[in-house]
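> Contents of work-v9.csv (CSV, C-alpha atoms):
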chain,number,residue,atom,x,y,z
Q,215,MET,CA,12.5,2.5,-3.7
Q,216,SER,CA,12.3,4.9,-6.6
Q,217,ASN,CA,9.6,6.1,-8.9
Q,218,THR,CA,9.4,9.0,-11.3
Q,219,LEU,CA,6.2,10.3,-9.6
Q,220,ILE,CA,7.0,9.5,-5.9
Q,221,LYS,CA,9.7,11.9,-4.9
Q,222,ARG,CA,12.1,10.7,-2.2
Q,223,SER,CA,13.3,14.3,-1.8
Q,224,PHE,CA,9.8,15.2,-0.7
Q,225,TRP,CA,9.4,12.5,1.8
Q,226,GLN,CA,12.9,12.5,3.3
Q,227,GLY,CA,12.7,13.6,6.9
Q,228,LYS,CA,8.9,14.4,6.8
Q,229,SER,CA,7.0,13.7,10.1
Q,230,VAL,CA,4.2,11.4,9.1
Q,231,VAL,CA,1.5,9.8,11.2
Q,232,VAL,CA,-0.1,6.5,10.1
Q,233,THR,CA,-3.2,5.5,12.1
Q,234,GLY,CA,-3.9,1.8,11.9
Q,235,HIS,CA,-0.2,1.0,11.3
Q,236,THR,CA,-0.5,-2.4,13.0
Q,237,GLY,CA,-3.0,-3.6,10.3
Q,238,PHE,CA,-2.4,-5.1,6.9
Q,239,LYS,CA,-2.5,-1.9,4.8
Q,240,GLY,CA,-0.9,0.2,7.6
Q,241,SER,CA,2.0,-2.2,7.9
Q,242,TRP,CA,2.8,-2.1,4.2
Q,243,LEU,CA,2.4,1.7,4.1
Q,244,THR,CA,4.8,2.1,7.1
Q,245,ILE,CA,7.4,0.1,5.3
Q,246,CYS,CA,7.0,2.2,2.2
Q,247,LEU,CA,7.3,5.4,4.1
Q,248,GLU,CA,10.4,4.3,6.0
Q,249,ARG,CA,12.0,3.3,2.7
Q,250,LEU,CA,11.3,6.9,1.5
Q,251,GLY,CA,13.1,8.3,4.5
Q,252,ALA,CA,10.0,9.6,6.4
Q,253,LYS,CA,9.9,9.7,10.2
Q,254,VAL,CA,6.8,7.5,10.9
Q,255,ILE,CA,4.7,7.7,14.0
Q,256,GLY,CA,2.2,4.9,14.1
Q,257,ILE,CA,-1.1,5.1,16.2
Q,258,ALA,CA,-3.2,1.9,16.5
Q,259,LEU,CA,-4.6,-0.8,18.6
Q,260,GLU,CA,-2.5,-3.9,19.1
Q,261,ALA,CA,-2.2,-6.1,16.0
Q,262,LEU,CA,-5.2,-8.4,16.0
Q,263,ASP,CA,-4.2,-11.1,13.5
Q,264,ASP,CA,-2.2,-14.2,14.4
Q,265,PRO,CA,0.2,-14.4,12.6
Q,266,SER,CA,0.5,-10.6,12.1
Q,267,LEU,CA,2.5,-8.8,9.4
Q,268,PHE,CA,3.2,-6.1,11.9
Q,269,GLU,CA,4.7,-8.5,14.4
Q,270,SER,CA,6.4,-10.9,12.1
Q,271,SER,CA,8.1,-8.0,10.2
Q,272,ASN,CA,9.1,-6.1,13.4
Q,273,ILE,CA,7.6,-3.0,12.0
Q,274,SER,CA,7.8,-1.3,15.5
Q,275,ASP,CA,11.6,-1.2,14.8
Q,276,ILE,CA,11.2,1.2,11.9
Q,277,CYS,CA,8.7,3.6,13.4
Q,278,THR,CA,7.5,5.2,16.6
Q,279,SER,CA,4.7,2.8,17.5
Q,280,ILE,CA,2.0,4.0,19.9
Q,281,ILE,CA,-0.9,1.9,21.1
Q,282,CYS,CA,-4.0,4.1,21.2
Q,283,ASP,CA,-7.7,3.7,20.5
Q,284,ILE,CA,-8.7,6.5,18.2
Q,285,ARG,CA,-11.9,6.8,20.2
Q,286,ASP,CA,-9.9,8.1,23.1
Q,287,HIS,CA,-9.9,11.8,22.3
Q,288,LYS,CA,-7.6,13.0,25.0
Q,289,LYS,CA,-4.8,10.4,24.4
Q,290,LEU,CA,-5.0,10.9,20.6
Q,291,ASN,CA,-4.8,14.7,21.1
Q,292,ASP,CA,-1.8,14.4,23.4
Q,293,ILE,CA,0.0,12.2,20.8
Q,294,LEU,CA,-0.7,14.5,17.8
Q,295,GLU,CA,0.1,17.6,19.8
Q,296,LYS,CA,3.5,16.1,20.8
Q,297,TYR,CA,4.6,14.9,17.4
Q,298,ASN,CA,2.9,17.8,15.4
Q,299,PRO,CA,3.1,15.8,12.0
Q,300,GLU,CA,3.1,17.4,8.6
Q,301,ILE,CA,1.2,14.5,7.0
Q,302,ILE,CA,-1.4,12.1,8.4
Q,303,PHE,CA,-2.7,8.9,6.7
Q,304,HIS,CA,-5.8,7.8,8.5
Q,305,LEU,CA,-6.3,4.1,8.1
Q,306,ALA,CA,-7.4,3.0,11.5
Q,307,ALA,CA,-10.9,1.3,11.2
Q,308,GLN,CA,-13.0,-1.7,11.7
Q,309,PRO,CA,-12.5,-2.9,8.1
Q,310,LEU,CA,-14.8,-5.9,7.5
Q,311,VAL,CA,-18.3,-5.9,6.2
Q,312,ARG,CA,-19.4,-9.1,8.0
Q,313,GLU,CA,-17.9,-7.9,11.3
Q,314,GLY,CA,-19.9,-4.7,10.9
Q,315,TYR,CA,-23.1,-6.8,10.9
Q,316,LYS,CA,-21.9,-8.6,14.1
Q,317,ASN,CA,-20.7,-5.5,15.9
Q,318,PRO,CA,-22.5,-2.4,14.4
Q,319,ILE,CA,-21.9,-0.1,17.4
Q,320,LYS,CA,-18.2,-0.8,17.5
Q,321,THR,CA,-18.1,-0.3,13.7
Q,322,TYR,CA,-19.8,3.1,13.8
Q,323,SER,CA,-18.0,4.3,16.9
Q,324,THR,CA,-14.6,3.5,15.4
Q,325,ASN,CA,-15.1,4.3,11.8
Q,326,LEU,CA,-17.1,7.5,12.4
Q,327,MET,CA,-16.6,8.9,15.9
Q,328,GLY,CA,-12.9,7.8,16.1
Q,329,SER,CA,-12.3,9.5,12.8
Q,330,ILE,CA,-14.2,12.7,13.9
Q,331,ASN,CA,-11.8,12.8,16.9
Q,332,LEU,CA,-8.9,12.9,14.4
Q,333,LEU,CA,-10.6,15.6,12.3
Q,334,ASP,CA,-11.3,17.7,15.3
Q,335,ILE,CA,-7.8,17.4,16.7
Q,336,SER,CA,-6.3,18.2,13.3
Q,337,ARG,CA,-7.7,21.7,13.6
Q,338,THR,CA,-5.0,22.5,16.1
Q,339,ILE,CA,-2.0,20.6,14.5
Q,340,THR,CA,0.1,23.6,13.3
Q,341,ASN,CA,2.5,21.7,11.0
Q,342,LEU,CA,-0.2,19.7,9.3
Q,343,LYS,CA,-0.3,20.2,5.5
Q,344,SER,CA,-1.9,17.0,4.2
Q,345,LEU,CA,-4.6,14.8,5.8
Q,346,VAL,CA,-5.5,11.7,3.8
Q,347,ILE,CA,-8.5,9.8,5.2
Q,348,VAL,CA,-8.9,6.3,3.8
Q,349,THR,CA,-12.5,5.2,3.3
Q,350,THR,CA,-13.6,2.5,0.9
Q,351,ASP,CA,-15.2,1.8,-2.5
Q,352,LYS,CA,-18.2,0.7,-0.5
Q,353,VAL,CA,-19.2,4.3,0.3
Q,354,TYR,CA,-21.1,4.4,-3.0
Q,355,LYS,CA,-24.8,3.7,-3.0
Q,356,ASN,CA,-24.6,0.5,-4.9
Q,357,LYS,CA,-27.2,0.4,-7.7
Q,358,GLU,CA,-25.7,-2.8,-9.2
Q,359,TRP,CA,-25.2,-1.0,-12.5
Q,360,CYS,CA,-22.5,-2.0,-15.0
Q,361,HIS,CA,-20.5,1.2,-15.2
Q,362,PRO,CA,-17.7,2.2,-12.7
Q,363,TYR,CA,-18.5,4.6,-9.9
Q,364,ARG,CA,-17.1,8.1,-10.0
Q,365,GLU,CA,-16.3,10.4,-7.1
Q,366,ASN,CA,-19.4,12.5,-7.7
Q,367,ASP,CA,-21.8,9.6,-7.7
Q,368,GLU,CA,-24.3,9.2,-4.8
Q,369,ILE,CA,-22.9,7.8,-1.6
Q,370,GLY,CA,-24.8,5.5,0.8
Q,371,GLY,CA,-24.3,2.2,2.4
Q,372,PHE,CA,-26.6,-0.8,2.9
Q,373,ASP,CA,-24.5,-2.5,5.7
Q,374,PRO,CA,-23.1,-0.9,8.9
Q,375,TYR,CA,-19.5,-1.0,7.6
Q,376,SER,CA,-20.4,0.7,4.3
Q,377,ALA,CA,-22.7,3.2,6.0
Q,378,SER,CA,-20.1,4.1,8.6
Q,379,LYS,CA,-17.6,5.0,5.9
Q,380,ALA,CA,-20.2,6.9,3.8
Q,381,ALA,CA,-21.1,8.9,7.0
Q,382,LEU,CA,-17.4,9.6,7.4
Q,383,GLU,CA,-17.2,11.0,3.9
Q,384,ILE,CA,-20.0,13.5,4.8
Q,385,ALA,CA,-18.3,14.4,8.1
Q,386,VAL,CA,-15.0,15.0,6.3
Q,387,ALA,CA,-16.7,17.4,3.9
Q,388,SER,CA,-18.5,19.1,6.7
Q,389,TYR,CA,-15.3,19.7,8.7
Q,390,ARG,CA,-13.4,20.8,5.6
Q,391,ASP,CA,-16.0,23.4,4.7
Q,392,SER,CA,-16.7,24.5,8.3
Q,393,PHE,CA,-13.2,24.7,9.8
Q,394,PHE,CA,-10.4,24.4,7.2
Q,395,ASN,CA,-11.4,26.8,4.5
Q,396,ASN,CA,-8.6,29.3,5.3
Q,397,LYS,CA,-5.9,26.9,6.3
Q,398,ASN,CA,-2.8,25.9,4.2
Q,399,LEU,CA,-3.9,22.3,4.5
Q,400,SER,CA,-5.5,19.7,2.2
Q,401,ILE,CA,-8.0,17.2,3.4
Q,402,THR,CA,-8.7,14.3,1.0
Q,403,THR,CA,-10.5,11.0,1.1
Q,404,ALA,CA,-9.2,7.9,-0.7
Q,405,ARG,CA,-11.6,5.2,-1.9
Q,406,ALA,CA,-10.1,1.9,-2.9
Q,407,GLY,CA,-11.4,-1.6,-3.6
Q,408,ASN,CA,-10.5,-5.1,-2.5
Q,409,VAL,CA,-6.8,-5.5,-1.9
Q,410,ILE,CA,-4.7,-8.6,-2.0
Q,411,GLY,CA,-1.1,-9.1,-1.0
Q,412,GLY,CA,1.2,-11.0,1.4
Q,413,GLY,CA,0.7,-10.7,5.1
Q,414,ASP,CA,-3.1,-10.4,5.2
Q,415,TRP,CA,-4.4,-12.9,7.7
Q,416,ALA,CA,-7.8,-11.5,8.4
Q,417,GLU,CA,-10.9,-13.7,8.6
Q,418,ASP,CA,-13.5,-13.4,5.8
Q,419,ARG,CA,-11.1,-12.3,3.2
Q,420,LEU,CA,-10.7,-14.3,0.0
Q,421,ILE,CA,-6.9,-14.7,-0.3
Q,422,PRO,CA,-6.2,-15.3,3.4
Q,423,ASP,CA,-9.1,-17.9,3.5
Q,424,LEU,CA,-7.7,-19.5,0.3
Q,425,ILE,CA,-4.2,-19.7,1.7
Q,426,ARG,CA,-5.3,-21.2,5.0
Q,427,ALA,CA,-7.4,-23.8,3.2
Q,428,TRP,CA,-4.5,-24.7,0.9
Q,429,ASN,CA,-2.0,-24.9,3.7
Q,430,ASN,CA,-4.3,-26.9,6.0
Q,431,ASN,CA,-5.6,-29.1,3.3
Q,432,GLU,CA,-9.2,-28.0,4.1
Q,433,GLU,CA,-12.2,-27.3,1.9
Q,434,LEU,CA,-12.7,-23.7,1.1
Q,435,ILE,CA,-16.3,-22.4,1.2
Q,436,ILE,CA,-16.9,-19.6,-1.2
Q,437,ARG,CA,-20.0,-17.3,-1.1
Q,438,HIS,CA,-21.2,-15.8,-4.4
Q,439,PRO,CA,-18.5,-16.9,-6.9
Q,440,ASN,CA,-19.9,-14.7,-9.6
Q,441,PHE,CA,-19.7,-11.4,-7.6
Q,442,ILE,CA,-17.3,-8.8,-9.1
Q,443,ARG,CA,-14.8,-6.8,-7.1
Q,444,PRO,CA,-12.0,-4.3,-8.0
Q,445,TRP,CA,-9.2,-6.6,-6.9
Q,446,GLN,CA,-5.7,-5.0,-6.8
Q,447,HIS,CA,-2.4,-5.5,-5.1
Q,448,VAL,CA,-2.1,-3.6,-1.8
Q,449,LEU,CA,0.7,-1.5,-3.2
Q,450,GLU,CA,-1.6,-0.1,-5.9
Q,451,PRO,CA,-3.8,2.0,-3.5
Q,452,LEU,CA,-0.8,2.8,-1.3
Q,453,TYR,CA,0.9,4.2,-4.4
Q,454,GLY,CA,-2.2,6.3,-4.8
Q,455,TYR,CA,-2.2,7.5,-1.2
Q,456,LEU,CA,1.4,8.5,-1.4
Q,457,LEU,CA,0.8,10.5,-4.6
Q,458,LEU,CA,-2.3,12.1,-3.1
Q,459,ALA,CA,-0.5,13.3,0.1
Q,460,GLN,CA,2.5,14.5,-1.9
Q,461,ASN,CA,0.6,16.4,-4.5
Q,462,SER,CA,-1.9,17.9,-2.2
Q,463,TYR,CA,0.6,18.9,0.5
Q,464,GLY,CA,-0.4,22.4,1.5
Q,465,ASN,CA,-2.6,22.7,-1.6
Q,466,SER,CA,-6.3,22.8,-0.7
Q,467,GLU,CA,-7.2,23.1,-4.4
Q,468,LEU,CA,-6.8,19.3,-4.5
Q,469,ASN,CA,-9.3,18.8,-1.7
Q,470,GLY,CA,-11.9,16.1,-2.4
Q,471,ALA,CA,-12.4,12.3,-2.9
Q,472,TYR,CA,-10.2,10.1,-5.1
Q,473,ASN,CA,-10.8,6.6,-6.4
Q,474,PHE,CA,-7.9,4.1,-6.8
Q,475,GLY,CA,-8.6,0.9,-8.6
Q,476,PRO,CA,-7.6,-1.4,-11.4
Q,477,LYS,CA,-8.2,-0.7,-15.1
Q,478,THR,CA,-11.9,-0.6,-15.8
Q,479,ASP,CA,-11.7,-3.5,-18.2
Q,480,LYS,CA,-9.8,-5.7,-15.7
Q,481,PHE,CA,-12.5,-6.4,-13.1
Q,482,ILE,CA,-12.9,-10.1,-12.4
Q,483,THR,CA,-15.2,-12.4,-10.4
Q,484,VAL,CA,-14.4,-14.2,-7.2
Q,485,LYS,CA,-14.4,-17.5,-9.2
Q,486,ARG,CA,-12.0,-16.1,-11.8
Q,487,LEU,CA,-9.5,-15.0,-9.2
Q,488,LEU,CA,-9.5,-18.5,-7.7
Q,489,GLU,CA,-9.0,-20.0,-11.2
Q,490,ILE,CA,-5.9,-17.8,-11.7
Q,491,ALA,CA,-4.6,-18.8,-8.2
Q,492,SER,CA,-5.0,-22.4,-9.2
Q,493,GLU,CA,-2.6,-21.8,-12.1
Q,494,PHE,CA,0.1,-21.1,-9.5
Q,495,LYS,CA,-0.7,-24.5,-7.7
Q,496,ILE,CA,-2.9,-22.9,-5.0
Q,497,ASN,CA,-5.9,-25.1,-5.5
Q,498,PRO,CA,-7.7,-26.5,-2.4
Q,499,SER,CA,-11.0,-28.2,-2.7
Q,500,ILE,CA,-13.6,-25.5,-3.2
Q,501,LYS,CA,-17.3,-25.5,-2.5
Q,502,TYR,CA,-19.3,-22.7,-4.1
Q,503,ILE,CA,-22.5,-21.5,-2.4
Q,504,GLU,CA,-24.9,-18.7,-3.3
Q,505,GLU,CA,-26.4,-18.3,0.1
Q,506,SER,CA,-25.2,-15.8,2.7
Q,507,ASP,CA,-26.3,-14.6,6.1
Q,508,TYR,CA,-25.8,-11.0,5.1
Q,509,HIS,CA,-26.5,-8.7,2.1
Q,510,GLU,CA,-23.5,-8.2,-0.1
Q,511,SER,CA,-23.2,-6.2,-3.3
Q,512,LYS,CA,-23.0,-8.2,-6.5
Q,513,SER,CA,-20.9,-5.9,-8.5
Q,514,LEU,CA,-18.7,-2.9,-7.5
Q,515,VAL,CA,-16.2,-1.2,-9.8
Q,516,LEU,CA,-14.4,2.1,-9.7
Q,517,ASP,CA,-13.4,4.8,-12.2
Q,518,TYR,CA,-10.0,6.3,-11.3
Q,519,SER,CA,-9.8,8.8,-14.1
Q,520,LEU,CA,-9.8,11.8,-11.7
Q,521,SER,CA,-6.7,10.4,-9.9
Q,522,MET,CA,-5.1,9.9,-13.2
Q,523,GLN,CA,-5.8,13.5,-14.4
Q,524,ARG,CA,-4.9,15.2,-11.1
Q,525,LEU,CA,-2.1,13.0,-9.7
Q,526,GLY,CA,-0.8,11.0,-12.6
Q,527,TYR,CA,-1.9,7.8,-11.0
Q,528,SER,CA,-2.4,4.6,-13.0
Q,529,PRO,CA,-2.3,0.9,-12.0
Q,530,ARG,CA,1.1,-0.8,-12.4
Q,531,TRP,CA,0.4,-4.5,-12.0
Q,532,THR,CA,-2.1,-6.7,-13.8
Q,533,ILE,CA,-4.4,-8.9,-11.7
Q,534,ARG,CA,-2.4,-12.0,-12.8
Q,535,LYS,CA,0.9,-10.3,-11.6
Q,536,SER,CA,-0.8,-9.3,-8.3
Q,537,ILE,CA,-2.0,-12.8,-7.6
Q,538,LYS,CA,1.3,-14.3,-8.6
Q,539,ASN,CA,3.3,-12.1,-6.3
Q,540,THR,CA,0.8,-12.5,-3.5
Q,541,ILE,CA,1.0,-16.3,-3.7
Q,542,LYS,CA,4.8,-16.3,-3.8
Q,543,TRP,CA,4.8,-14.1,-0.6
Q,544,TYR,CA,2.8,-16.8,1.3
Q,545,GLU,CA,4.8,-19.7,-0.2
Q,546,ASP,CA,8.0,-18.0,1.0
Q,547,PHE,CA,6.4,-17.4,4.4
Q,548,TYR,CA,5.8,-21.1,4.9
Q,549,LEU,CA,9.4,-21.8,3.7
Q,550,GLY,CA,10.6,-19.5,6.5
Q,551,LYS,CA,11.6,-16.4,4.5
Q,552,SER,CA,11.7,-13.1,6.4
Q,553,THR,CA,8.3,-11.4,5.9
Q,554,MET,CA,10.0,-8.0,5.8
Q,555,ASP,CA,12.3,-9.2,3.0
Q,556,SER,CA,9.3,-10.4,1.1
Q,557,CYS,CA,7.6,-7.1,1.4
Q,558,LEU,CA,10.7,-5.2,0.4
Q,559,ASP,CA,11.1,-7.5,-2.7
Q,560,ASP,CA,7.6,-6.6,-3.8
Q,561,ILE,CA,8.1,-2.9,-3.0
Q,562,LYS,CA,11.3,-2.7,-5.0
Q,563,GLU,CA,9.8,-4.5,-8.0
Q,564,PHE,CA,6.5,-2.5,-7.9
Q,565,PHE,CA,8.2,0.9,-7.7
Q,566,GLU,CA,11.2,0.3,-9.9
Q,567,GLU,CA,9.9,-1.7,-12.8
Q,568,ASN,CA,9.2,0.1,-16.1
Q,569,GLU,CA,10.9,3.2,-14.9
As a first step, turn the structure in this file into structure tokens.

Amino acid sequence: MSNTLIKRSFWQGKSVVVTGHTGFKGSWLTICLERLGAKVIGIALEALDDPSLFESSNISDICTSIICDIRDHKKLNDILEKYNPEIIFHLAAQPLVREGYKNPIKTYSTNLMGSINLLDISRTITNLKSLVIVTTDKVYKNKEWCHPYRENDEIGGFDPYSASKAALEIAVASYRDSFFNNKNLSITTARAGNVIGGGDWAEDRLIPDLIRAWNNNEELIIRHPNFIRPWQHVLEPLYGYLLLAQNSYGNSELNGAYNFGPKTDKFITVKRLLEIASEFKINPSIKYIEESDYHESKSLVLDYSLSMQRLGYSPRWTIRKSIKNTIKWYEDFYLGKSTMDSCLDDIKEFFEENE
């Protein structure tokens, strides 16, 4: 794994905590960090999906994996005190909008109070130089306007998931201003959109639902086919997170929020994504409906110019390339290929092409 911006020499031997390492994004991030030579400590609940990328790829073999609910302040404190990491990536969360409607208390307690536990404990972690807290593109107060949201736009949140993440952004700013002003530590938040990629098996996500319908020869029910989302391969935001942690290490001048998304002229609708997938022979019977039990934003797009200016970040794969590689990952899965090998193939291609 090589890249002109990601420095292996920086990551080699670094003690790095990843909360939520048993999840989809967390699993991919753990693999990336291990390939860079970091010593990864994962903190999360048991993997929920079945199948699970974490389990099928034996990711516990490449990190120190600790099962812990981030709402358990004492246990979380004991873990972080023991390992005293230099970098923390905070991904642990209840990540689904529709689940937030079904279980709002769990969503708020995990996404807000669990994260505040981490912030509070971080005050005493002596080696800590970079804390990257992953929120979401949905922290913005969505006004359904046509231009992309920038980091200084108003935050809000109609649904419990979005509101819990917006509240976290406020809590992060408060902790940063109240307790970390004089510390050699950066605290940043990372906002990314809808990610796709192999190994996502969650319910109520477009690609996993598509793959299941295709594999089981079932009809796929699609809500709101004309809604627009900032689709990107999972490696795109992870690339941004790595750049953010690396560049802000011990540099509080880079404190703040950062967007990571596709090029602003490359946003597509749900229906268009499915049309591209059908070009790669993933074409189950689809039923489009406009009704929904819950409110969902019609359009949500991000401006990543701040990340480009400060970090050198820019998207690497087109949406077509992202869909193609994602579908190949799942096809190889059903053919029996090692999921770890499939992830490593994507990582190698993503970070080494065009160098």
> At most 9 Å is the cut-off: for each residue in segment 339-458 of chain Q with any atom that close to an atom of segment 266-270 of chain Q, write down the nearest atom pair and the distance in Å rounded to one decimal, counting all atoms listed in the file, chain first then increasing number, as a Markdown table.

| residue | atom | partner | partner_atom | distance |
| --- | --- | --- | --- | --- |
| Q:Gly412 | CA | Q:Leu267 | CA | 8.4 |
| Q:Gly413 | CA | Q:Leu267 | CA | 5.0 |
| Q:Asp414 | CA | Q:Leu267 | CA | 7.2 |
| Q:Trp415 | CA | Q:Ser266 | CA | 7.0 |
> Those selected residues, please, written with C-alpha atoms and delivered as a PDB file, in the coordinates of the input.

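Saved the output as selection.pdb:
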ATOM      1  CA  GLY Q 412       1.200 -11.000   1.400  1.00  0.00           C
ATOM      2  CA  GLY Q 413       0.700 -10.700   5.100  1.00  0.00           C
ATOM      3  CA  ASP Q 414      -3.100 -10.400   5.200  1.00  0.00           C
ATOM      4  CA  TRP Q 415      -4.400 -12.900   7.700  1.00  0.00           C
TER       5      TRP Q 415
END
> My list of candidates is Q:Glu300, Q:Asp423, Q:Glu563, Q:Asp517. Which is closest to Asn539 of chain Q when distances are computed with only C-alpha atoms?
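Closest to Asn539 of chain Q of all the choices is Q:Glu563.
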> Restricting the calculation to only C-alpha atoms: of Q:Thr540, Q:His287, Q:Val515, Q:Ile436, which residue gets closest to Lys352 of chain Q?
Q:Val515
> Per residue of segment 345-429 of chain Q within 7 Å of segment 460-473 of chain Q, what are the shortest atom pair and its distance in Å to one decimal, counting all atoms listed in the file, with rows by chain and residue number, as CSV?

residue,atom,partner,partner_atom,distance
Q:Glu365,CA,Q:Ala471,CA,6.0
Q:Asn398,CA,Q:Gly464,CA,5.0
Q:Leu399,CA,Q:Gly464,CA,4.6
Q:Ser400,CA,Q:Ser466,CA,4.3
Q:Ile401,CA,Q:Asn469,CA,5.5
Q:Thr402,CA,Q:Gly470,CA,5.0
Q:Thr403,CA,Q:Ala471,CA,4.6
Q:Ala404,CA,Q:Tyr472,CA,5.0
Q:Arg405,CA,Q:Asn473,CA,4.8
Q:Ala406,CA,Q:Asn473,CA,5.9
> Give me, please, the distance in Å between atom CA of Pro265 of chain Q and atom CA of Pro444 of chain Q, quoted to one decimal.
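Interatomic distance here is 26.0 Å.
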> Just the number, please: distance in Å from atom CA of Glu368 of chain Q to atom CA of Tyr527 of chain Q, one decimal.
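That distance, rounded to one decimal, is 23.3 Å.
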> Of the residues Q:Gln446, Q:Asn356, Q:Ser329, Q:Asn430, which is the one nearest to Tyr389 of chain Q, using all atoms listed in the file?
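The closest residue to Tyr389 of chain Q is Q:Ser329.
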